[in-house]
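**Q** This is the structure, below, for whatever I ask next.
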Amino acid sequence: MRLGEILIERGKLDIANLERALRVQETDKRERIGAVLTRTGMTAERDVIEALSSQLNLPIVAASEYPELSVLEERIAVRFIRESRSLPLHEDDGQLVLAMVDPLDDYVLNAYQLVTQRQIVVRLAVPSEMDAAFERLYGSGKTSMDQIVGEAQTRDDDSDSEDLQQLKELASEAPIIRLVSLIISHALEARASDIHIEPFENRLIVRYRVDGVMHEVESPPRRFSAAVISRIKIMASLDIAERRLPQDGRIKLRIQGKEIDLRVSTVPIMHGESVVMRILDKSGTALDFATLGFDPAVLKRFEQVLMQPHGIVLVTGPTGSGKTTTLYTALDKINNPDIKILTVEDPVEYQMEGINQIQVKPQIGLTFANALRSIVRQDPDVIMIGEIRDLETAQIAVQSALTGHMVLSTLHTNDAASTINRLLDMGVDDYLLTSTVNGILAQRLVRTLCTHCREAHPALPEVVEEMQLQRYTNAHPVMLYRAVGCAECGNTGYSGRVSIVELLVMSDTIRSMVMRHVTSGEVRQQAISDGMQTMYENGLSKAVAGITTIEEVLRVTREE
């Protein structure tokens with residue numbers, strides 16, 4: 001298969017972009033199609049290299065495999081190494097291991113063979129990783145950020161006295177634009193969900209949230225904070241002159257062949273403005289319950305709840321626990337031409353075909369409650385409310401369910417059972433709750449183990465007994481897994497996240513308990529008697545299956 005066909009088959013490229021790249025290639029026949037796709041931003045650099053690796057059956061050089069000291073420096077000119085996009089990795093009596101960006105370049109292969117008189121063993125190189133290794137071995141030892149900072153104007157940062165025109169000019173300089181692009185592209189490479197840029201008295205800190213955990217990364221000097229933050233505010237169409245009030249905006253970008261939405265939030269802090277960018281990768285969102293971590297038994301019951309003609313289905317959990325993704329997956333499941341779906345969200349995180357989505361704008365009076373009053377007259381079958389925040393919204397949701405609509409929404413509670421008490425505390429009448437709520441799904445996200453380096457070990461007998469792990473497997477002894485860390489997962493031992501869930505389906509017994517205003521603990525016990533698997537138990541089953549670790553499950557849940 002050709003490179004373009006492999007990328008299309010893997011979902012990394014579409015036919016229209018391939019045809020566009022082929023037209024670009026016609027202007028310079030010497031440029032490989034992979035280089036064109038990367039240069040034009042139609043496909044991510046690593047995706048092209050992985051496809052090329054599959055096509056040519058060549059292994060990819062890991063960043064850790066580049067040598068600490070240069071090889072063949074006395075026999076091969078540094079200029080040739082740079083211009084040929086090749087780098088010697090290792091030499092012995094019989095062969096030379098050579099990293100190459102273009103392994104089909106016979107001229108380069110013959111040149112190395114002629115000089116070394118050895119067999120050449122080719123390894124495929126990721127261009128950015130090779131450039132970083134080259135800079136370390138033959139250049140000044142500076143990183144990409146160091147080089148950009150060196151090109152930028154050296155000046156003291158005095159953001160309070162900046163006049164507006166100076167700030168705009170500074171934020172529009174090429175090095176600052178490249179600096180912000182570098183911060184965003186590194187975040188995508190690290191699979192980050194959020195970018196935090198925080199100015200302190202003596203330094204500017206950049207942190208990425210990867211799989212729910214914060215990691216500090218290389219940051220520009222403190223003197224660039226005003227320029228970097230102003231650049232982000234210009235991209236998000238925010239007011240760069242306003243530094244005393246919080247602002248929210250949005251940036252749409254195409255980076256590494258992906259459509260990326262960045263939700264930008266700025267707040268004033270002691271030494272400037274703190275900026276947080278939530279990365280919404282449209283292509284990276286799997287709207288599939290199995291991929292999200294739903295077990296077949298839970299999924300079957302949840303789908304039965306979703307297919308009810310009317311009522312309320314709630315998804316609960318803390319901020320960042322994947323509630324919205326679960327709701328979008330549910331909408332995707334029920335979305336078809338004979339159903340009208342309307343959503344009210346703040347903000348609209350993902351745009352979906354065939355669904356009418358409304359963005360809440362409180363500053364002009366378009367609140368959840370006001371929007372809901374209007375959309376009931378739009379004759380929808382299904383209504384999705386981003387979040388039930390107050391009694392007014394809750395009451396309209398209940399009224400909508402009573403008048404024949406299916407309502408999906410989220411709520412911030414710790415588990416499924418406590419959601420009922422939360423709604424009662426808000427002021428929703430008990431008889432309305434029992435009439436409308438069909439099911440409550442509570443969830444958390446746990447990090448999944450890296451399949452390249454996870455390590456199995458027998459569970460201690462006391463752990464098996466205390467957690468009753470024998471319920472989840474027939475194996476003897478019971479095996480658990482630990483996180484190790486490798487180049488594939490950035491030495492964290494984890495890669496990606498998956499949901500652990502509990503589903504409370506409203507039964508007649510639970511409805512009568514709600515009418516009696518019993519405690520959430522009693523409702524929980526009844527739900528367990530009715531067949532509910534708790535989040536803790538769901539997490540343990542995933543730990544025994546090698547999907548995550550016991551430590552991760554205990555980090556996000558607690559057994560009642």
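For the structure tokens, the naming scheme is as follows: chains receive sequential letters (A, B, ...) according to their order of presentation, residues are indexed from 1 within each chain, and ligands are indexed from 1 in presentation order.
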If DSSP is run on the backbone, what residues of range 185-281 of chain A are strand (DSSP E)? A reply as a PyMOL selection string would be ideal.

**A** chain A and resi 192-199+204-210+213-217+247-255+258-269+272-281

**Q** Based on DSSP run over this structure's backbone, return all residues of range 227-384 of chain A in helix (DSSP H, G or I), as a short mmCIF file (atom, residue, chain, number, x, y, z; two decimals) with all heavy atoms, in the first residue's frame.

**A**
data_model
loop_
_atom_site.label_atom_id
_atom_site.label_comp_id
_atom_site.auth_asym_id
_atom_site.auth_seq_id
_atom_site.Cartn_x
_atom_site.Cartn_y
_atom_site.Cartn_z
N ALA A 227 3.98 39.18 26.80
CA ALA A 227 3.89 38.96 25.36
C ALA A 227 3.17 37.65 25.05
O ALA A 227 2.30 37.59 24.18
CB ALA A 227 5.29 38.95 24.74
N VAL A 228 3.53 36.57 25.78
CA VAL A 228 2.92 35.26 25.55
C VAL A 228 1.42 35.29 25.85
O VAL A 228 0.59 34.82 25.07
CB VAL A 228 3.63 34.17 26.39
CG1 VAL A 228 2.82 32.88 26.42
CG2 VAL A 228 5.03 33.90 25.85
N ILE A 229 1.07 35.88 27.00
CA ILE A 229 -0.35 35.94 27.40
C ILE A 229 -1.14 36.84 26.45
O ILE A 229 -2.27 36.52 26.07
CB ILE A 229 -0.47 36.39 28.87
CG1 ILE A 229 0.06 35.28 29.78
CG2 ILE A 229 -1.93 36.72 29.23
CD1 ILE A 229 0.31 35.68 31.22
N SER A 230 -0.54 37.95 26.02
CA SER A 230 -1.21 38.83 25.06
C SER A 230 -1.43 38.12 23.73
O SER A 230 -2.47 38.29 23.09
CB SER A 230 -0.40 40.11 24.83
OG SER A 230 -0.32 40.86 26.01
N ARG A 231 -0.44 37.32 23.31
CA ARG A 231 -0.57 36.57 22.05
C ARG A 231 -1.76 35.60 22.13
O ARG A 231 -2.56 35.51 21.20
CB ARG A 231 0.72 35.79 21.77
CG ARG A 231 0.65 34.87 20.55
CD ARG A 231 0.44 35.64 19.28
NE ARG A 231 0.01 34.78 18.18
CZ ARG A 231 -0.59 35.21 17.09
NH1 ARG A 231 -0.84 36.50 16.93
NH2 ARG A 231 -0.95 34.39 16.14
N ILE A 232 -1.88 34.91 23.25
CA ILE A 232 -2.99 33.96 23.43
C ILE A 232 -4.33 34.70 23.43
O ILE A 232 -5.31 34.25 22.82
CB ILE A 232 -2.79 33.15 24.73
CG1 ILE A 232 -1.59 32.21 24.59
CG2 ILE A 232 -4.05 32.32 25.06
CD1 ILE A 232 -1.10 31.61 25.88
N LYS A 233 -4.37 35.87 24.09
CA LYS A 233 -5.61 36.65 24.14
C LYS A 233 -6.01 37.18 22.76
O LYS A 233 -7.19 37.21 22.41
CB LYS A 233 -5.46 37.80 25.15
CG LYS A 233 -5.43 37.31 26.59
CD LYS A 233 -5.03 38.38 27.57
CE LYS A 233 -6.16 39.31 27.90
NZ LYS A 233 -5.81 40.23 29.01
N ILE A 234 -5.01 37.56 21.95
CA ILE A 234 -5.31 38.00 20.58
C ILE A 234 -5.88 36.83 19.77
O ILE A 234 -6.87 36.98 19.04
CB ILE A 234 -4.04 38.56 19.90
CG1 ILE A 234 -3.68 39.92 20.50
CG2 ILE A 234 -4.22 38.67 18.39
CD1 ILE A 234 -2.31 40.45 20.09
N MET A 235 -5.29 35.63 19.93
CA MET A 235 -5.77 34.45 19.21
C MET A 235 -7.20 34.09 19.61
O MET A 235 -7.99 33.60 18.80
CB MET A 235 -4.85 33.26 19.48
CG MET A 235 -3.47 33.38 18.88
SD MET A 235 -2.35 32.10 19.50
CE MET A 235 -2.96 30.66 18.65
N LYS A 282 -11.21 17.29 18.40
CA LYS A 282 -12.41 16.67 17.82
C LYS A 282 -12.11 15.27 17.28
O LYS A 282 -12.91 14.37 17.42
CB LYS A 282 -12.95 17.55 16.69
CG LYS A 282 -13.45 18.90 17.16
CD LYS A 282 -13.88 19.76 15.98
CE LYS A 282 -14.31 21.13 16.45
NZ LYS A 282 -14.65 22.01 15.33
N SER A 283 -10.94 15.13 16.65
CA SER A 283 -10.62 13.84 16.04
C SER A 283 -10.23 12.80 17.08
O SER A 283 -10.26 11.61 16.82
CB SER A 283 -9.48 13.99 15.04
OG SER A 283 -8.32 14.48 15.70
N GLY A 284 -9.86 13.26 18.29
CA GLY A 284 -9.39 12.31 19.30
C GLY A 284 -10.46 11.84 20.25
O GLY A 284 -10.17 11.11 21.19
N PHE A 289 -19.03 3.63 23.69
CA PHE A 289 -19.11 3.27 25.11
C PHE A 289 -18.04 2.25 25.51
O PHE A 289 -17.47 2.34 26.59
CB PHE A 289 -20.50 2.72 25.44
CG PHE A 289 -21.56 3.79 25.58
CD1 PHE A 289 -22.67 3.81 24.74
CD2 PHE A 289 -21.44 4.78 26.55
CE1 PHE A 289 -23.63 4.80 24.87
CE2 PHE A 289 -22.40 5.77 26.68
CZ PHE A 289 -23.50 5.78 25.83
N ALA A 290 -17.77 1.28 24.64
CA ALA A 290 -16.76 0.26 24.97
C ALA A 290 -15.39 0.89 25.13
O ALA A 290 -14.63 0.58 26.06
CB ALA A 290 -16.74 -0.82 23.89
N THR A 291 -15.05 1.84 24.23
CA THR A 291 -13.76 2.54 24.30
C THR A 291 -13.68 3.39 25.56
O THR A 291 -12.62 3.53 26.17
CB THR A 291 -13.56 3.44 23.06
OG1 THR A 291 -13.78 2.66 21.89
CG2 THR A 291 -12.17 4.03 23.01
N LEU A 292 -14.82 3.96 25.98
CA LEU A 292 -14.84 4.79 27.19
C LEU A 292 -14.67 3.97 28.46
O LEU A 292 -14.37 4.53 29.51
CB LEU A 292 -16.15 5.58 27.27
CG LEU A 292 -16.41 6.63 26.19
CD1 LEU A 292 -17.74 7.34 26.45
CD2 LEU A 292 -15.29 7.65 26.13
N PRO A 296 -19.88 -4.65 29.30
CA PRO A 296 -21.09 -5.05 28.57
C PRO A 296 -22.36 -5.06 29.44
O PRO A 296 -23.42 -4.62 28.99
CB PRO A 296 -20.75 -6.46 28.08
CG PRO A 296 -19.26 -6.45 27.95
CD PRO A 296 -18.76 -5.57 29.07
N ALA A 297 -22.25 -5.55 30.69
CA ALA A 297 -23.44 -5.64 31.55
C ALA A 297 -23.97 -4.24 31.89
O ALA A 297 -25.18 -3.99 31.84
CB ALA A 297 -23.09 -6.40 32.83
N VAL A 298 -23.05 -3.30 32.23
CA VAL A 298 -23.45 -1.92 32.56
C VAL A 298 -24.01 -1.24 31.32
O VAL A 298 -25.02 -0.55 31.39
CB VAL A 298 -22.25 -1.12 33.12
CG1 VAL A 298 -22.64 0.33 33.37
CG2 VAL A 298 -21.74 -1.75 34.40
N LEU A 299 -23.35 -1.46 30.20
CA LEU A 299 -23.77 -0.81 28.94
C LEU A 299 -25.18 -1.25 28.55
O LEU A 299 -25.99 -0.42 28.12
CB LEU A 299 -22.77 -1.15 27.83
CG LEU A 299 -23.07 -0.56 26.45
CD1 LEU A 299 -23.26 0.95 26.51
CD2 LEU A 299 -21.96 -0.92 25.46
N LYS A 300 -25.48 -2.53 28.72
CA LYS A 300 -26.81 -3.04 28.36
C LYS A 300 -27.89 -2.34 29.18
O LYS A 300 -28.91 -1.90 28.65
CB LYS A 300 -26.86 -4.55 28.58
CG LYS A 300 -28.16 -5.19 28.12
CD LYS A 300 -28.16 -6.68 28.36
CE LYS A 300 -29.50 -7.29 27.95
NZ LYS A 300 -29.55 -8.75 28.23
N ARG A 301 -27.65 -2.19 30.50
CA ARG A 301 -28.63 -1.54 31.37
C ARG A 301 -28.74 -0.04 31.05
O ARG A 301 -29.83 0.53 31.06
CB ARG A 301 -28.23 -1.72 32.85
CG ARG A 301 -28.26 -3.16 33.33
CD ARG A 301 -27.86 -3.26 34.78
NE ARG A 301 -28.93 -2.86 35.68
CZ ARG A 301 -28.74 -2.41 36.91
NH1 ARG A 301 -27.53 -2.29 37.40
NH2 ARG A 301 -29.77 -2.07 37.67
N PHE A 302 -27.59 0.60 30.75
CA PHE A 302 -27.60 2.03 30.45
C PHE A 302 -28.36 2.29 29.14
O PHE A 302 -29.11 3.27 29.03
CB PHE A 302 -26.17 2.56 30.36
CG PHE A 302 -26.07 4.06 30.25
CD1 PHE A 302 -26.69 4.88 31.17
CD2 PHE A 302 -25.36 4.65 29.22
CE1 PHE A 302 -26.61 6.27 31.08
CE2 PHE A 302 -25.27 6.03 29.11
CZ PHE A 302 -25.91 6.84 30.04
N GLU A 303 -28.17 1.43 28.15
CA GLU A 303 -28.87 1.59 26.88
C GLU A 303 -30.38 1.43 27.06
O GLU A 303 -31.17 2.11 26.41
CB GLU A 303 -28.33 0.60 25.85
CG GLU A 303 -26.95 1.01 25.31
CD GLU A 303 -26.40 0.01 24.31
OE1 GLU A 303 -26.90 -1.15 24.27
OE2 GLU A 303 -25.46 0.36 23.57
N GLN A 304 -30.78 0.51 27.96
CA GLN A 304 -32.20 0.34 28.25
C GLN A 304 -32.80 1.61 28.85
O GLN A 304 -33.91 2.02 28.51
CB GLN A 304 -32.41 -0.84 29.22
CG GLN A 304 -32.19 -2.20 28.56
CD GLN A 304 -32.17 -3.34 29.57
OE1 GLN A 304 -32.14 -3.13 30.79
NE2 GLN A 304 -32.18 -4.57 29.07
N VAL A 305 -32.03 2.26 29.73
CA VAL A 305 -32.48 3.53 30.34
C VAL A 305 -32.57 4.61 29.26
O VAL A 305 -33.53 5.39 29.23
CB VAL A 305 -31.50 3.95 31.47
CG1 VAL A 305 -31.82 5.36 31.95
CG2 VAL A 305 -31.57 2.97 32.63
N LEU A 306 -31.55 4.66 28.36
CA LEU A 306 -31.53 5.67 27.30
C LEU A 306 -32.69 5.53 26.33
O LEU A 306 -33.17 6.52 25.78
CB LEU A 306 -30.22 5.58 26.50
CG LEU A 306 -28.98 6.27 27.05
CD1 LEU A 306 -27.82 6.01 26.11
CD2 LEU A 306 -29.21 7.76 27.22
N LYS A 323 -17.97 13.38 32.13
CA LYS A 323 -19.44 13.38 32.06
C LYS A 323 -19.93 13.83 30.67
O LYS A 323 -20.81 13.20 30.09
CB LYS A 323 -20.04 14.31 33.13
CG LYS A 323 -19.66 13.97 34.55
CD LYS A 323 -20.40 14.83 35.55
CE LYS A 323 -20.09 16.32 35.44
NZ LYS A 323 -18.71 16.65 35.75
N THR A 324 -19.37 14.94 30.18
CA THR A 324 -19.82 15.49 28.90
C THR A 324 -19.56 14.51 27.76
O THR A 324 -20.41 14.33 26.88
CB THR A 324 -19.12 16.83 28.62
OG1 THR A 324 -19.32 17.70 29.73
CG2 THR A 324 -19.67 17.49 27.38
N THR A 325 -18.40 13.85 27.78
CA THR A 325 -18.09 12.87 26.74
C THR A 325 -19.09 11.72 26.75
O THR A 325 -19.53 11.24 25.70
CB THR A 325 -16.65 12.33 26.92
OG1 THR A 325 -15.74 13.43 26.92
CG2 THR A 325 -16.27 11.38 25.79
N THR A 326 -19.47 11.29 27.95
CA THR A 326 -20.48 10.22 28.07
C THR A 326 -21.82 10.67 27.49
O THR A 326 -22.49 9.93 26.77
CB THR A 326 -20.65 9.80 29.55
OG1 THR A 326 -19.41 9.27 30.03
CG2 THR A 326 -21.73 8.75 29.71
N LEU A 327 -22.20 11.93 27.79
CA LEU A 327 -23.46 12.45 27.25
C LEU A 327 -23.42 12.54 25.72
O LEU A 327 -24.39 12.19 25.05
CB LEU A 327 -23.76 13.84 27.83
CG LEU A 327 -24.40 13.90 29.22
CD1 LEU A 327 -24.78 15.33 29.55
CD2 LEU A 327 -25.64 13.02 29.30
N TYR A 328 -22.31 13.03 25.17
CA TYR A 328 -22.17 13.11 23.71
C TYR A 328 -22.25 11.71 23.08
O TYR A 328 -22.83 11.53 22.00
CB TYR A 328 -20.85 13.77 23.32
CG TYR A 328 -20.88 15.27 23.35
CD1 TYR A 328 -20.04 16.01 24.17
CD2 TYR A 328 -21.74 15.98 22.52
CE1 TYR A 328 -20.06 17.39 24.19
CE2 TYR A 328 -21.77 17.36 22.52
CZ TYR A 328 -20.93 18.07 23.36
OH TYR A 328 -20.96 19.44 23.36
N THR A 329 -21.64 10.73 23.74
CA THR A 329 -21.69 9.36 23.24
C THR A 329 -23.13 8.83 23.26
O THR A 329 -23.56 8.16 22.32
CB THR A 329 -20.77 8.45 24.08
OG1 THR A 329 -19.46 9.02 24.14
CG2 THR A 329 -20.66 7.06 23.48
N ALA A 330 -23.86 9.18 24.32
CA ALA A 330 -25.27 8.78 24.41
C ALA A 330 -26.08 9.44 23.29
O ALA A 330 -26.92 8.80 22.65
CB ALA A 330 -25.83 9.16 25.78
N LEU A 331 -25.82 10.74 23.05
CA LEU A 331 -26.52 11.45 21.97
C LEU A 331 -26.19 10.84 20.61
O LEU A 331 -27.06 10.69 19.76
CB LEU A 331 -26.15 12.94 21.97
CG LEU A 331 -26.69 13.80 23.11
CD1 LEU A 331 -26.20 15.23 22.98
CD2 LEU A 331 -28.21 13.76 23.16
N ASP A 332 -24.92 10.49 20.41
CA ASP A 332 -24.49 9.89 19.15
C ASP A 332 -25.21 8.55 18.93
O ASP A 332 -25.54 8.19 17.80
CB ASP A 332 -22.98 9.68 19.17
CG ASP A 332 -22.43 9.25 17.82
OD1 ASP A 332 -22.58 10.01 16.86
OD2 ASP A 332 -21.86 8.15 17.74
N LYS A 333 -25.45 7.83 20.03
CA LYS A 333 -26.11 6.52 19.96
C LYS A 333 -27.57 6.67 19.52
O LYS A 333 -28.07 5.86 18.74
CB LYS A 333 -26.04 5.87 21.34
CG LYS A 333 -26.75 4.54 21.43
CD LYS A 333 -25.76 3.41 21.50
CE LYS A 333 -26.44 2.07 21.49
NZ LYS A 333 -25.73 1.12 20.64
N ILE A 334 -28.25 7.69 20.05
CA ILE A 334 -29.69 7.83 19.76
C ILE A 334 -29.98 8.79 18.60
O ILE A 334 -31.12 8.95 18.20
CB ILE A 334 -30.47 8.29 21.02
CG1 ILE A 334 -29.98 9.66 21.50
CG2 ILE A 334 -30.36 7.27 22.13
CD1 ILE A 334 -30.71 10.18 22.73
N PRO A 362 -24.87 34.13 29.45
CA PRO A 362 -25.51 34.81 30.58
C PRO A 362 -25.45 36.34 30.47
O PRO A 362 -26.35 37.03 30.95
CB PRO A 362 -24.71 34.32 31.79
CG PRO A 362 -24.02 33.08 31.34
CD PRO A 362 -23.78 33.25 29.88
N GLN A 363 -24.39 36.87 29.81
CA GLN A 363 -24.23 38.33 29.74
C GLN A 363 -25.35 39.02 28.95
O GLN A 363 -25.61 40.21 29.13
CB GLN A 363 -22.85 38.71 29.16
CG GLN A 363 -22.58 38.22 27.76
CD GLN A 363 -21.92 36.85 27.72
OE1 GLN A 363 -22.13 36.05 28.63
NE2 GLN A 363 -21.13 36.59 26.69
N ILE A 364 -26.05 38.24 28.08
CA ILE A 364 -27.17 38.82 27.35
C ILE A 364 -28.51 38.21 27.80
O ILE A 364 -29.53 38.35 27.13
CB ILE A 364 -27.00 38.67 25.82
CG1 ILE A 364 -26.91 37.19 25.41
CG2 ILE A 364 -25.80 39.44 25.32
CD1 ILE A 364 -27.01 36.95 23.93
N PHE A 368 -29.34 28.98 31.18
CA PHE A 368 -29.87 27.64 30.98
C PHE A 368 -31.40 27.66 31.05
O PHE A 368 -32.10 27.11 30.19
CB PHE A 368 -29.33 26.68 32.06
CG PHE A 368 -28.00 26.07 31.71
CD1 PHE A 368 -26.86 26.41 32.41
CD2 PHE A 368 -27.89 25.15 30.69
CE1 PHE A 368 -25.63 25.85 32.09
CE2 PHE A 368 -26.67 24.57 30.36
CZ PHE A 368 -25.54 24.92 31.07
N ALA A 369 -31.93 28.32 32.09
CA ALA A 369 -33.38 28.32 32.31
C ALA A 369 -34.12 29.02 31.17
O ALA A 369 -35.12 28.51 30.65
CB ALA A 369 -33.69 28.99 33.64
N ASN A 370 -33.61 30.19 30.75
CA ASN A 370 -34.26 30.94 29.67
C ASN A 370 -34.22 30.17 28.34
O ASN A 370 -35.21 30.14 27.60
CB ASN A 370 -33.60 32.31 29.48
CG ASN A 370 -33.91 33.25 30.63
OD1 ASN A 370 -34.88 33.03 31.37
ND2 ASN A 370 -33.10 34.29 30.79
N ALA A 371 -33.07 29.56 28.07
CA ALA A 371 -32.94 28.79 26.83
C ALA A 371 -33.89 27.59 26.84
O ALA A 371 -34.52 27.27 25.84
CB ALA A 371 -31.50 28.33 26.64
N LEU A 372 -33.99 26.93 28.01
CA LEU A 372 -34.85 25.75 28.11
C LEU A 372 -36.32 26.09 27.89
O LEU A 372 -37.06 25.33 27.28
CB LEU A 372 -34.66 25.08 29.48
CG LEU A 372 -33.40 24.23 29.62
CD1 LEU A 372 -33.16 23.85 31.07
CD2 LEU A 372 -33.50 22.98 28.76
N ARG A 373 -36.74 27.25 28.40
CA ARG A 373 -38.14 27.66 28.21
C ARG A 373 -38.47 27.78 26.72
O ARG A 373 -39.55 27.44 26.27
CB ARG A 373 -38.38 29.02 28.90
CG ARG A 373 -38.53 28.91 30.39
CD ARG A 373 -39.14 30.18 30.97
NE ARG A 373 -38.92 30.22 32.41
CZ ARG A 373 -37.87 30.80 32.98
NH1 ARG A 373 -36.95 31.37 32.24
NH2 ARG A 373 -37.74 30.79 34.29
N SER A 374 -37.49 28.29 25.97
CA SER A 374 -37.71 28.50 24.54
C SER A 374 -37.66 27.19 23.76
O SER A 374 -38.46 26.96 22.85
CB SER A 374 -36.67 29.46 23.97
OG SER A 374 -36.74 30.70 24.64
N ILE A 375 -36.72 26.30 24.11
CA ILE A 375 -36.53 25.11 23.25
C ILE A 375 -37.64 24.10 23.43
O ILE A 375 -37.85 23.27 22.55
CB ILE A 375 -35.14 24.45 23.45
CG1 ILE A 375 -35.01 23.81 24.83
CG2 ILE A 375 -34.02 25.40 23.17
CD1 ILE A 375 -33.76 22.95 24.96
N VAL A 376 -38.37 24.15 24.54
CA VAL A 376 -39.52 23.24 24.69
C VAL A 376 -40.54 23.52 23.59
O VAL A 376 -41.23 22.63 23.10
CB VAL A 376 -40.14 23.39 26.10
CG1 VAL A 376 -41.44 22.61 26.19
CG2 VAL A 376 -39.18 22.88 27.15
N ARG A 377 -40.61 24.79 23.15
CA ARG A 377 -41.52 25.17 22.07
C ARG A 377 -40.95 24.84 20.69
O ARG A 377 -41.59 25.08 19.67
CB ARG A 377 -41.85 26.66 22.16
CG ARG A 377 -42.65 27.01 23.41
CD ARG A 377 -43.22 28.41 23.35
NE ARG A 377 -42.20 29.45 23.46
CZ ARG A 377 -41.74 29.93 24.63
NH1 ARG A 377 -42.21 29.45 25.77
NH2 ARG A 377 -40.83 30.87 24.65
N GLN A 378 -39.69 24.32 20.66
CA GLN A 378 -39.07 23.92 19.39
C GLN A 378 -39.41 22.47 19.01
O GLN A 378 -38.85 21.92 18.06
CB GLN A 378 -37.55 24.08 19.48
CG GLN A 378 -37.08 25.51 19.49
CD GLN A 378 -36.93 26.06 18.09
OE1 GLN A 378 -36.34 25.44 17.21
NE2 GLN A 378 -37.49 27.25 17.85
#

**Q** Which one of A:Ser64, A:Ser512, A:Ser274, A:Thr519 sits closest to Thr434 in chain A if you count only C-alpha atoms?

**A**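 Closest to Thr434 in chain A, using only C-alpha atoms: A:Ser512.
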
**Q** Which residues are near Ser84 in chain A? Cut-off 9 Å, only C-alpha atoms, ignore same chain within fewer than 3 positions. Put them as a ChimeraX atom specification.

**A** /A:79-81,87,100-102,105,108

**Q** For those residues, write N, CA and C atoms to a file as a PDB file, in the first residue's frame.

**A**
ATOM      1  N   ARG A  79      27.943  19.335   8.278  1.00  0.00           N
ATOM      2  CA  ARG A  79      27.029  19.923   7.293  1.00  0.00           C
ATOM      3  C   ARG A  79      26.287  18.837   6.510  1.00  0.00           C
ATOM      4  N   PHE A  80      27.022  17.757   6.152  1.00  0.00           N
ATOM      5  CA  PHE A  80      26.388  16.647   5.415  1.00  0.00           C
ATOM      6  C   PHE A  80      25.345  15.953   6.285  1.00  0.00           C
ATOM      7  N   ILE A  81      25.670  15.761   7.557  1.00  0.00           N
ATOM      8  CA  ILE A  81      24.718  15.120   8.481  1.00  0.00           C
ATOM      9  C   ILE A  81      23.443  15.938   8.577  1.00  0.00           C
ATOM     10  N   LEU A  87      21.581  10.629  10.907  1.00  0.00           N
ATOM     11  CA  LEU A  87      22.406  10.757  12.104  1.00  0.00           C
ATOM     12  C   LEU A  87      22.907   9.373  12.515  1.00  0.00           C
ATOM     13  N   MET A 100      17.506   7.829   9.782  1.00  0.00           N
ATOM     14  CA  MET A 100      17.244   8.640   8.593  1.00  0.00           C
ATOM     15  C   MET A 100      15.785   9.092   8.563  1.00  0.00           C
ATOM     16  N   VAL A 101      15.586  10.337   8.155  1.00  0.00           N
ATOM     17  CA  VAL A 101      14.232  10.836   7.943  1.00  0.00           C
ATOM     18  C   VAL A 101      13.685  10.279   6.633  1.00  0.00           C
ATOM     19  N   ASP A 102      14.559  10.170   5.620  1.00  0.00           N
ATOM     20  CA  ASP A 102      14.174   9.604   4.323  1.00  0.00           C
ATOM     21  C   ASP A 102      15.028   8.370   4.045  1.00  0.00           C
ATOM     22  N   ASP A 105      16.665   7.417   0.425  1.00  0.00           N
ATOM     23  CA  ASP A 105      17.670   8.253  -0.226  1.00  0.00           C
ATOM     24  C   ASP A 105      18.959   7.436  -0.436  1.00  0.00           C
ATOM     25  N   VAL A 108      22.569   9.098   0.087  1.00  0.00           N
ATOM     26  CA  VAL A 108      23.054   9.189   1.468  1.00  0.00           C
ATOM     27  C   VAL A 108      23.565   7.828   1.942  1.00  0.00           C
TER      28      VAL A 108
END

**Q** In Å, how far is it from CA of Ala241 in chain A to CA of Leu167 in chain A?

**A**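 CA of Leu167 in chain A lies 8.8 Å from CA of Ala241 in chain A.
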
**Q** Between A:Val501, A:Leu104, A:Ala99, A:Ile396, which has the minimum distance to Gly293 in chain A (counting only C-alpha atoms)?

**A**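 Nearest candidate to Gly293 in chain A out of A:Val501, A:Leu104, A:Ala99, A:Ile396: A:Val501.
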
**Q** Set the distance at 9 Å and use only C-alpha atoms: which residues neighbour Val446 in chain A once local chain neighbours fewer than 6 positions away are removed? I'd like the list as a ChimeraX atom specification.

**A** /A:211-212,496-500,539,548-549,552-553,555-556

**Q** As a PyMOL selection string, please: the residues near range 22-24 of chain A (cut-off 8 Å, only C-alpha atoms, same-chain neighbours under 3 positions excluded).

**A** chain A and resi 18-19+27-28+33+36

**Q** Could you take the residues named above and write them with N, CA, C and O atoms, as a CSV table (one decimal), in the first residue's frame?

**A**
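Contents of selection_13.csv, freshly written:
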chain,number,residue,atom,x,y,z
A,18,LEU,N,-5.4,14.4,0.9
A,18,LEU,CA,-4.3,13.7,0.1
A,18,LEU,C,-4.2,14.2,-1.3
A,18,LEU,O,-3.1,14.5,-1.8
A,19,GLU,N,-5.4,14.5,-1.9
A,19,GLU,CA,-5.4,15.0,-3.3
A,19,GLU,C,-4.8,16.4,-3.3
A,19,GLU,O,-4.0,16.8,-4.2
A,27,THR,N,4.5,20.6,-7.7
A,27,THR,CA,5.4,21.8,-7.9
A,27,THR,C,6.8,21.5,-7.6
A,27,THR,O,7.7,22.2,-8.0
A,28,ASP,N,7.1,20.4,-6.8
A,28,ASP,CA,8.5,20.0,-6.5
A,28,ASP,C,8.5,18.5,-6.4
A,28,ASP,O,8.2,17.9,-5.4
A,33,ILE,N,5.9,12.7,-0.4
A,33,ILE,CA,4.5,13.0,-0.1
A,33,ILE,C,4.4,13.2,1.5
A,33,ILE,O,3.6,14.0,2.0
A,36,VAL,N,5.4,16.6,2.5
A,36,VAL,CA,4.4,17.6,2.1
A,36,VAL,C,3.3,17.5,3.1
A,36,VAL,O,2.8,18.6,3.6
